[in-house]
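Data block for my_file_0.txt (compact mmCIF, C-alpha atoms):
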# COMPACT_ATOMS: atom_id res chain seq x y z
CA MET A 125 -8.66 31.04 -3.68
CA ARG A 126 -5.11 31.56 -2.43
CA ARG A 127 -3.30 28.82 -0.50
CA ASP A 128 -2.71 30.95 2.60
CA THR A 129 -6.47 31.51 2.98
CA PHE A 130 -6.73 28.02 4.48
CA PHE A 131 -3.14 27.28 5.45
CA PRO A 132 -1.38 30.40 6.79
CA GLN A 133 2.35 29.83 7.26
CA ARG A 134 2.31 31.46 10.67
CA SER A 135 -0.03 28.73 12.03
CA LEU A 136 2.81 26.24 11.56
CA ARG A 137 5.55 28.38 13.03
CA ALA A 138 3.59 29.66 16.02
CA SER A 139 2.37 26.22 17.08
CA PRO A 140 4.12 23.72 19.37
CA ARG A 141 5.08 21.90 16.17
CA LEU A 142 3.28 18.61 16.71
CA ILE A 143 2.22 16.28 13.88
CA LEU A 144 -0.90 14.20 14.42
CA MET A 145 -0.89 11.13 12.17
CA PHE A 146 -3.98 8.93 11.84
CA GLY A 147 -4.29 5.43 10.41
CA PRO A 148 -5.18 1.80 11.17
CA SER A 149 -4.17 -0.06 14.28
CA MET A 150 -0.63 -1.40 14.16
CA ASP A 151 -2.11 -4.82 14.89
CA TRP A 152 -4.39 -4.83 11.84
CA PRO A 153 -2.96 -6.68 8.81
CA GLY A 154 -2.72 -5.03 5.42
CA GLY A 155 -0.61 -2.84 3.18
CA MET A 156 -1.47 0.48 4.82
CA THR A 157 -0.48 -0.89 8.22
CA GLU A 158 2.80 -2.15 6.78
CA VAL A 159 3.58 1.37 5.57
CA ILE A 160 2.96 2.79 9.05
CA ARG A 161 5.06 0.02 10.60
CA ALA A 162 7.87 0.92 8.21
CA TYR A 163 7.71 4.54 9.42
CA SER A 164 7.84 3.32 13.00
CA ALA A 165 10.73 0.93 12.35
CA ALA A 166 12.66 3.78 10.74
CA GLY A 167 12.35 5.76 13.99
CA VAL A 168 10.02 8.43 12.63
CA PHE A 169 7.73 8.40 15.66
CA GLU A 170 10.66 8.85 18.06
CA VAL A 171 12.78 11.31 16.11
CA TRP A 172 10.02 13.60 14.87
CA PRO A 173 7.47 15.45 17.05
CA LEU A 174 4.73 13.09 15.88
CA ARG A 175 1.83 11.34 17.62
CA TYR A 176 0.25 8.35 15.90
CA ILE A 177 -3.44 7.71 16.62
CA SER A 178 -5.31 4.61 15.47
CA THR A 179 -8.73 5.12 13.88
CA TYR A 180 -9.53 1.54 12.91
CA ALA A 181 -9.12 -1.87 14.54
CA GLY A 182 -11.19 -4.28 12.42
CA ARG A 183 -14.07 -4.72 10.02
CA ASN A 184 -16.92 -5.13 12.50
CA PHE A 185 -18.96 -2.08 13.46
CA SER A 186 -17.54 -1.51 16.94
CA ALA A 187 -13.95 -1.94 15.75
CA LYS A 188 -14.59 0.86 13.28
CA LEU A 189 -16.72 3.16 15.44
CA TRP A 190 -14.97 3.30 18.80
CA PRO A 191 -11.37 3.86 17.63
CA TRP A 192 -12.64 6.54 15.25
CA LEU A 193 -14.61 8.34 17.97
CA PHE A 194 -11.63 8.13 20.30
CA ALA A 195 -9.38 9.56 17.56
CA VAL A 196 -11.81 12.42 16.91
CA CYS A 197 -11.88 13.28 20.63
CA ARG A 198 -8.09 13.25 20.89
CA ALA A 199 -7.80 15.40 17.78
CA LEU A 200 -10.35 17.91 19.12
CA ILE A 201 -8.56 18.24 22.45
CA ARG A 202 -5.16 18.83 20.90
CA LEU A 203 -6.50 21.15 18.21
CA ALA A 204 -8.42 23.20 20.78
CA ARG A 205 -5.26 23.54 22.86
CA ARG A 206 -3.35 24.72 19.78
CA ARG A 207 -1.02 21.76 20.12
CA VAL A 208 -1.12 20.71 16.45
CA ALA A 209 0.89 22.06 13.56
CA LEU A 210 -0.03 19.45 10.98
CA VAL A 211 -2.56 16.62 10.54
CA HIS A 212 -1.59 13.66 8.36
CA VAL A 213 -4.31 11.08 7.68
CA HIS A 214 -3.83 7.75 5.92
CA SER A 215 -6.97 6.80 4.03
CA ALA A 216 -8.43 4.08 1.86
CA ALA A 217 -11.69 4.61 -0.07
CA TYR A 218 -15.38 4.31 0.82
CA GLY A 219 -15.97 4.25 4.60
CA SER A 220 -12.33 4.93 5.38
CA PHE A 221 -12.41 8.12 3.32
CA TRP A 222 -15.59 9.37 4.99
CA ARG A 223 -14.19 8.77 8.48
CA LYS A 224 -10.85 10.40 7.68
CA SER A 225 -12.53 13.35 5.97
CA VAL A 226 -14.03 14.33 9.33
CA LEU A 227 -10.52 14.63 10.74
CA CYS A 228 -9.55 16.74 7.73
CA ALA A 229 -12.55 19.01 8.34
CA LEU A 230 -11.59 19.42 12.00
CA ALA A 231 -8.06 20.44 11.01
CA LEU A 232 -9.47 22.94 8.53
CA ALA A 233 -11.84 24.39 11.16
CA PHE A 234 -8.86 25.11 13.42
CA ARG A 235 -6.82 26.50 10.53
CA VAL A 236 -4.30 23.65 10.71
CA PRO A 237 -3.01 22.24 7.41
CA TYR A 238 -3.70 18.60 6.67
CA VAL A 239 -2.22 15.95 4.40
CA ILE A 240 -4.45 13.17 3.12
CA HIS A 241 -2.47 10.10 2.10
CA LEU A 242 -4.42 7.85 -0.29
CA HIS A 243 -3.66 4.11 -0.34
CA ASP A 244 -6.62 2.49 -2.11
CA GLY A 245 -6.75 1.13 -5.66
CA ARG A 246 -10.52 1.70 -5.75
CA LEU A 247 -10.30 5.50 -5.74
CA ALA A 248 -11.91 6.09 -9.14
CA ASP A 249 -14.60 3.48 -8.49
CA PHE A 250 -15.33 5.05 -5.10
CA TYR A 251 -15.79 8.49 -6.62
CA GLN A 252 -17.74 7.46 -9.72
CA ARG A 253 -19.98 4.75 -8.25
CA GLY A 254 -19.92 5.38 -4.53
CA CYS A 255 -20.61 9.10 -4.57
CA LYS A 256 -23.43 11.26 -5.88
CA GLY A 257 -24.24 14.96 -5.76
CA LEU A 258 -23.13 16.46 -2.45
CA ALA A 259 -20.93 13.46 -1.70
CA LYS A 260 -18.86 14.17 -4.81
CA SER A 261 -18.63 17.83 -3.86
CA TRP A 262 -17.38 16.85 -0.40
CA VAL A 263 -14.72 14.53 -1.85
CA ARG A 264 -13.50 17.27 -4.18
CA ALA A 265 -13.41 19.80 -1.33
CA VAL A 266 -11.37 17.46 0.90
CA LEU A 267 -8.86 16.97 -1.92
CA ARG A 268 -8.81 20.64 -2.94
CA LYS A 269 -8.27 22.08 0.53
CA ALA A 270 -5.55 19.66 1.58
CA ALA A 271 -2.07 21.09 1.96
CA ARG A 272 -1.04 18.00 -0.01
CA VAL A 273 -2.76 14.91 -1.34
CA VAL A 274 -0.16 12.17 -1.15
CA VAL A 275 -0.50 9.53 -3.85
CA LEU A 276 1.57 6.42 -4.47
CA SER A 277 2.47 6.81 -8.14
CA PRO A 278 1.95 9.00 -11.24
CA HIS A 279 -1.13 6.96 -12.17
CA TRP A 280 -2.86 7.99 -8.94
CA ARG A 281 -1.73 11.61 -9.28
CA ASP A 282 -3.56 11.71 -12.61
CA ALA A 283 -6.60 9.97 -11.08
CA VAL A 284 -6.81 12.57 -8.31
CA HIS A 285 -6.51 15.42 -10.79
CA ARG A 286 -9.36 13.99 -12.83
CA ILE A 287 -11.50 14.18 -9.72
CA GLU A 288 -10.20 17.55 -8.49
CA PRO A 289 -7.85 19.41 -10.85
CA ALA A 290 -6.91 21.94 -8.14
CA ALA A 291 -5.61 19.29 -5.73
CA ARG A 292 -1.97 19.80 -4.72
CA THR A 293 -0.48 16.32 -5.06
CA ALA A 294 2.79 14.76 -3.99
CA ILE A 295 4.00 11.32 -5.02
CA ILE A 296 5.44 9.22 -2.19
CA GLY A 297 5.63 5.50 -2.79
CA ASN A 298 5.35 2.70 -0.26
CA PRO A 299 8.58 2.05 1.67
CA VAL A 300 10.29 -1.32 1.78
CA PRO A 301 13.56 -2.46 3.34
CA VAL A 302 16.00 -3.22 0.56
CA PRO A 303 19.08 -5.38 1.14
CA VAL A 304 22.36 -4.19 -0.31
CA SER A 305 22.55 -7.32 -2.44
CA ILE A 306 20.31 -10.26 -3.26
CA VAL A 307 21.04 -13.92 -2.70
CA ARG A 308 21.88 -16.15 -5.62
CA PRO A 309 18.83 -17.71 -7.30
CA ARG A 310 17.97 -21.32 -6.58
CA ARG A 311 18.07 -23.77 -9.44
CA PRO A 312 15.80 -25.29 -10.42
CA ALA A 313 13.09 -22.76 -9.55
CA ARG A 314 9.97 -24.48 -8.28
CA THR A 315 8.13 -22.37 -5.65
CA VAL A 316 5.46 -19.81 -6.58
CA LEU A 317 4.17 -17.46 -3.86
CA PHE A 318 0.89 -15.51 -3.65
CA LEU A 319 0.65 -13.22 -0.62
CA ALA A 320 -2.47 -11.05 -0.25
CA TRP A 321 -6.06 -10.93 0.96
CA LEU A 322 -7.99 -13.92 -0.38
CA GLN A 323 -10.34 -11.78 -2.44
CA ARG A 324 -11.42 -12.77 -5.91
CA GLU A 325 -10.37 -9.28 -7.02
CA LYS A 326 -6.82 -10.20 -6.06
CA GLY A 327 -6.98 -12.91 -8.74
CA VAL A 328 -6.50 -15.77 -6.31
CA LEU A 329 -8.90 -18.09 -8.17
CA ASP A 330 -7.26 -17.18 -11.48
CA LEU A 331 -4.00 -18.39 -10.00
CA VAL A 332 -5.58 -21.70 -8.96
CA ARG A 333 -7.04 -22.07 -12.48
CA ALA A 334 -3.55 -21.53 -13.91
CA ILE A 335 -1.94 -24.28 -11.82
CA PRO A 336 -2.91 -27.27 -14.03
CA SER A 337 -1.29 -25.64 -17.07
CA VAL A 338 1.86 -24.86 -15.10
CA LEU A 339 2.08 -28.42 -13.77
CA ARG A 340 1.91 -29.87 -17.27
CA CYS A 341 5.19 -28.06 -18.00
CA VAL A 342 6.75 -28.07 -14.51
CA PRO A 343 5.29 -31.06 -12.58
CA GLU A 344 7.43 -30.33 -9.49
CA ALA A 345 6.12 -26.78 -9.04
CA THR A 346 4.68 -25.84 -5.64
CA PHE A 347 2.20 -23.03 -5.09
CA VAL A 348 1.97 -21.22 -1.76
CA ILE A 349 -1.20 -19.14 -1.34
CA ALA A 350 -0.80 -17.17 1.88
CA GLY A 351 -3.54 -14.81 2.91
CA ARG A 352 -6.55 -14.09 5.02
CA ALA A 353 -10.26 -14.23 4.31
CA VAL A 354 -12.15 -10.96 4.56
CA ALA A 355 -15.92 -10.31 4.36
CA ASP A 356 -17.32 -12.47 1.54
CA SER A 357 -13.93 -13.40 0.07
CA GLU A 358 -12.53 -16.85 -0.46
CA THR A 359 -11.16 -18.83 2.47
CA PRO A 360 -8.32 -21.35 2.65
CA ASP A 361 -10.97 -24.11 2.80
CA SER A 362 -12.86 -22.88 -0.27
CA ILE A 363 -9.63 -22.52 -2.22
CA LEU A 364 -8.57 -26.02 -1.24
CA GLN A 365 -11.95 -27.37 -2.29
CA PHE A 366 -11.59 -25.67 -5.68
CA ALA A 367 -8.07 -27.08 -6.02
CA ARG A 368 -9.41 -30.57 -5.33
CA SER A 369 -11.95 -30.17 -8.11
CA LEU A 370 -8.99 -29.50 -10.44
CA ARG A 371 -6.97 -32.34 -8.88
CA ILE A 372 -4.01 -30.12 -8.05
CA GLU A 373 -4.32 -29.93 -4.25
CA GLN A 374 -1.08 -31.91 -3.80
CA SER A 375 0.84 -28.97 -5.31
CA LEU A 376 -0.79 -26.35 -3.10
CA ARG A 377 0.06 -25.00 0.36
CA LEU A 378 -2.31 -22.71 2.28
CA PRO A 379 -0.58 -21.36 5.41
CA GLY A 380 -3.16 -18.62 6.06
CA TRP A 381 -2.15 -15.04 6.91
CA VAL A 382 1.56 -14.76 7.65
CA ASP A 383 3.56 -11.95 9.18
CA GLY A 384 6.95 -11.37 10.72
CA ASN A 385 9.32 -14.32 10.56
CA GLU A 386 6.75 -16.55 8.84
CA LYS A 387 6.41 -14.05 6.03
CA ASP A 388 10.18 -13.62 5.77
CA ASN A 389 10.62 -17.38 5.51
CA LEU A 390 8.05 -17.68 2.72
CA MET A 391 9.71 -14.86 0.83
CA GLN A 392 13.10 -16.51 1.16
CA GLU A 393 11.69 -19.79 -0.19
CA ALA A 394 9.91 -18.19 -3.16
CA ASP A 395 11.29 -18.38 -6.69
CA VAL A 396 8.41 -16.44 -8.28
CA PHE A 397 5.94 -13.97 -6.76
CA VAL A 398 2.46 -13.74 -8.31
CA LEU A 399 -0.28 -11.14 -7.80
CA PRO A 400 -2.90 -11.29 -10.61
CA SER A 401 -5.09 -8.49 -9.20
CA TYR A 402 -8.00 -6.72 -10.87
CA TYR A 403 -7.22 -3.47 -9.05
CA GLU A 404 -4.32 -2.17 -6.95
CA ALA A 405 -2.90 1.05 -5.59
CA LEU A 406 0.79 0.17 -5.24
CA PRO A 407 1.00 -3.34 -3.74
CA LEU A 408 3.56 -3.62 -1.00
CA GLY A 409 4.00 -7.35 -1.62
CA VAL A 410 5.18 -6.67 -5.16
CA LEU A 411 7.70 -4.09 -3.94
CA GLU A 412 8.94 -6.42 -1.19
CA ALA A 413 9.42 -9.24 -3.68
CA MET A 414 11.32 -6.98 -6.07
CA ALA A 415 13.50 -5.71 -3.23
CA LEU A 416 14.48 -9.29 -2.40
CA GLY A 417 15.12 -10.20 -6.03
CA ILE A 418 12.07 -12.43 -6.44
CA PRO A 419 10.83 -12.08 -10.04
CA VAL A 420 7.22 -10.90 -10.19
CA VAL A 421 4.24 -11.79 -12.36
CA THR A 422 1.40 -9.33 -11.91
CA THR A 423 -1.18 -7.29 -13.82
CA PRO A 424 -1.01 -3.78 -15.38
CA VAL A 425 -3.58 -2.22 -13.05
CA GLY A 426 -3.46 0.86 -10.81
CA GLY A 427 0.06 1.99 -10.00
CA ILE A 428 1.74 -1.29 -10.97
CA PRO A 429 2.79 -0.13 -14.49
CA ASP A 430 4.52 2.84 -12.80
CA VAL A 431 6.81 0.31 -11.10
CA ILE A 432 7.05 -2.66 -13.45
CA GLU A 433 8.02 -2.52 -17.10
CA ASP A 434 7.00 -5.75 -18.79
CA GLY A 435 10.00 -7.89 -19.63
CA VAL A 436 12.43 -5.47 -17.96
CA ASN A 437 11.93 -5.84 -14.20
CA GLY A 438 8.89 -8.14 -14.11
CA LEU A 439 6.20 -9.73 -16.25
CA LEU A 440 2.72 -8.24 -16.78
CA VAL A 441 -0.34 -10.20 -17.85
CA GLU A 442 -3.89 -8.98 -18.26
CA PRO A 443 -6.27 -9.72 -15.38
CA ARG A 444 -8.71 -12.65 -15.60
CA GLN A 445 -6.43 -14.55 -18.01
CA PRO A 446 -5.36 -17.80 -16.29
CA GLU A 447 -3.69 -19.25 -19.37
CA ALA A 448 -1.58 -16.12 -19.92
CA LEU A 449 -0.75 -16.17 -16.22
CA ALA A 450 0.34 -19.81 -16.49
CA ARG A 451 2.60 -19.05 -19.47
CA ALA A 452 4.33 -16.24 -17.58
CA ILE A 453 4.88 -18.44 -14.52
CA VAL A 454 6.27 -21.26 -16.64
CA ALA A 455 8.62 -18.85 -18.41
CA LEU A 456 10.11 -17.75 -15.09
CA LEU A 457 10.35 -21.25 -13.65
CA MET A 458 12.08 -22.67 -16.73
CA ASP A 459 14.22 -19.78 -18.02
CA ASP A 460 17.10 -19.15 -15.60
CA ALA A 461 18.52 -16.30 -17.70
CA LEU A 462 15.19 -14.46 -17.79
CA ARG A 463 14.66 -14.92 -14.08
CA THR A 464 18.14 -13.67 -13.26
CA ARG A 465 17.81 -10.59 -15.46
CA LEU A 466 14.43 -9.58 -14.08
CA ARG A 467 15.37 -10.07 -10.44
CA GLU A 468 18.54 -7.98 -10.68
CA THR A 469 16.82 -5.14 -12.52
CA ALA A 470 13.90 -5.19 -10.08
CA HIS A 471 16.19 -5.00 -7.05
CA THR A 472 18.09 -2.03 -8.48
CA HIS A 473 14.87 -0.19 -9.36
CA VAL A 474 13.29 -0.61 -5.92
CA ARG A 475 16.50 0.29 -4.11
CA LYS A 476 16.62 3.64 -5.90
CA ARG A 477 12.95 4.60 -5.61
CA TYR A 478 11.24 2.70 -2.79
CA SER A 479 13.79 2.00 -0.09
CA THR A 480 12.68 3.04 3.38
CA GLU A 481 15.42 5.67 3.47
CA ALA A 482 14.31 7.22 0.18
CA ILE A 483 10.65 7.34 1.20
CA ILE A 484 11.34 8.84 4.65
CA GLU A 485 13.44 11.52 2.95
CA ALA A 486 10.55 12.24 0.56
CA LEU A 487 8.15 12.50 3.50
CA GLU A 488 10.43 14.95 5.28
CA THR A 489 10.72 17.00 2.08
CA LEU A 490 6.93 17.12 1.88
CA TYR A 491 6.63 18.41 5.43
CA ARG A 492 9.31 21.00 4.76
CA GLU A 493 7.52 22.22 1.62
CA ILE A 494 4.37 22.99 3.59
CA GLY A 495 6.30 24.81 6.31
CA PHE A 496 7.13 22.08 8.83
CA ASN A 497 10.93 21.88 9.16
CA VAL A 498 11.80 18.71 11.01
CA ASP A 499 15.53 19.45 11.14
CA SER A 500 15.17 22.84 12.76
CA ILE A 501 12.62 21.50 15.26
CA ASN A 502 14.93 18.69 16.29
CA ARG A 503 17.80 21.12 16.82
CA ARG A 504 15.65 23.42 19.00
CA GLU A 505 14.43 20.51 21.11
CA GLN A 506 17.92 19.07 21.79
Turn this file's structure into structure tokens for me.
Amino acid sequence: MRRDTFFPQRSLRASPRLILMFGPSMDWPGGMTEVIRAYSAAGVFEVWPLRYISTYAGRNFSAKLWPWLFAVCRALIRLARRRVALVHVHSAAYGSFWRKSVLCALALAFRVPYVIHLHDGRLADFYQRGCKGLAKSWVRAVLRKAARVVVLSPHWRDAVHRIEPAARTAIIGNPVPVPVSIVRPRRPARTVLFLAWLQREKGVLDLVRAIPSVLRCVPEATFVIAGRAVADSETPDSILQFARSLRIEQSLRLPGWVDGNEKDNLMQEADVFVLPSYYEALPLGVLEAMALGIPVVTTPVGGIPDVIEDGVNGLLVEPRQPEALARAIVALLMDDALRTRLRETAHTHVRKRYSTEAIIEALETLYREIGFNVDSINRREQ
């Protein structure tokens, strides 16, 4: 079926040229929220004719239901009034996808093009294990009828095409602020930072298991595990209890979830950034560390190998391998030349491909490709 059957160009040009963007509350922690905050900090919401609407405020039932219902009502009112030229939804997998797919269906019903922006590293698992029969057909239809399916890296473009070969994809990475230059490395290097949800799938317990081996080589090393418990994940208390069983609690700091200045301070103090995840989309923490010149040890899962080349701009170890993880951490703590080379290459790579400026430009190019010309709209409205 031809593209203009669902997305006629005249629907964009005849409309009042408003973008409706949907995603999590700005107050909710997490990578997707950080992406939206980066858009906001770059002035996108002020400069472009865009309205951001929260669909999610927490993991309990009411924090999911009421913002979503409110978002659906606001979307219906604006769509019915022909006030929308484009719908852009930010989605994870599982429940998030189902909720956001309703907004996509509403846009389609009013003949308004929509963009679905996928952020979750569980996409394939969601489709293969979380969907059956009609559910799979619905997922494929949502992907197929989108004006664009935005993915974070080539790995996820291929994953989407395995689910729905007809999906029109666009690769737009996660934006990070990138300084012009990086500070000189501290010597000796002693501080290792983990910054993520405290889920076992993030490899947090593998990191704790690796600490004794690291300390045998670098007794002065300090490990900072910053993060927040979610659902049935680990907690700072359970991690500390596990560390005590290994007799390494004196080398461990657990500040909880950090944001803003606290996060900036931890990043500035870090000599090595570690994320030994079992699955990922394109982790913002890894990109932020690379942007600041903090050498990274992580795993070759999801979109990470699209960003990190082992031994060139970071180190990759297989998931669930604490001893291999320990060896990589020790290498970075003890080898100043290796650390310097990786951090400089990483900074250069992220500056070229994932700076906020580069990503906002890619987003504007995407909108222009589907008929929404931000430049011409801004000129007409001045």
Self-check item: Contacts of region 467-469 of chain A at 12 Å (only C-alpha atoms; same-chain gap of 5+ positions) as JSON, numbers by chain
Solution: {"A": [304, 305, 306, 307, 308, 309, 395, 396, 397, 410, 411, 412, 413, 414, 415, 416, 417, 418, 419, 420, 421, 431, 432, 433, 434, 435, 436, 437, 438, 439, 456, 460, 461, 462, 474, 475, 476]}
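Straight-line separation from CA of Arg368 (chain A) to CA of Ile335 (chain A): 11.7 Å.
Atom pair CA of Asn184 (chain A) / CA of Leu258 (chain A): separated by 27.0 Å.
Rounded to one decimal, CA of Asn389 (chain A) and CA of Ile296 (chain A) lie 28.2 Å from each other.
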Min atom-atom distance to Ile428 (chain A) from the set A:Pro278, A:Arg463, A:Ser337, A:Arg310, counting all atoms listed in the file, belongs to A:Pro278
Discussion item. When you look at His243 (chain A) with a cut-off of 7 Å (counting all atoms listed in the file), what residues show up, excluding the ones that are within fewer than 6 positions of it in the same chain? I need them as a ChimeraX atom specification.
Written reply: /A:156,215-216,405
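Residues in contact with region 245-252 of chain A at up to 10 Å, not including ones fewer than 4 positions away on its chain and judged by only C-alpha atoms, are Ala216, Ala217, Tyr218, Gly219, Phe221, Lys256, Ala259, Lys260, Val263, Arg264, Leu276, Trp280, Ala283, Val284, Arg286, Ile287, Tyr402, Tyr403, Glu404, Ala405, Leu406, Pro407, Val425, Gly426 and Gly427 of chain A.
Taking only C-alpha atoms, the non-local environment of Arg183 (chain A) within 12 Å (same-chain residues fewer than 2 positions away omitted) comprises Pro148, Ser149, Trp152, Pro153, Thr179, Tyr180, Ala181, Phe185, Ser186, Ala187, Lys188, Leu189, Trp190, Pro191, Gly219, Ser220, Ala353, Val354, Ala355 and Asp356 of chain A.
Across A:Leu193, A:Val332, A:Ile240, A:Met145, the tightest approach to Arg292 (chain A) is made by A:Ile240 when counting all atoms listed in the file.
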Of A:Ala320, A:Leu329, A:Ala452, A:Cys341, the one sitting nearest Leu399 (chain A) when using all atoms listed in the file is A:Ala320
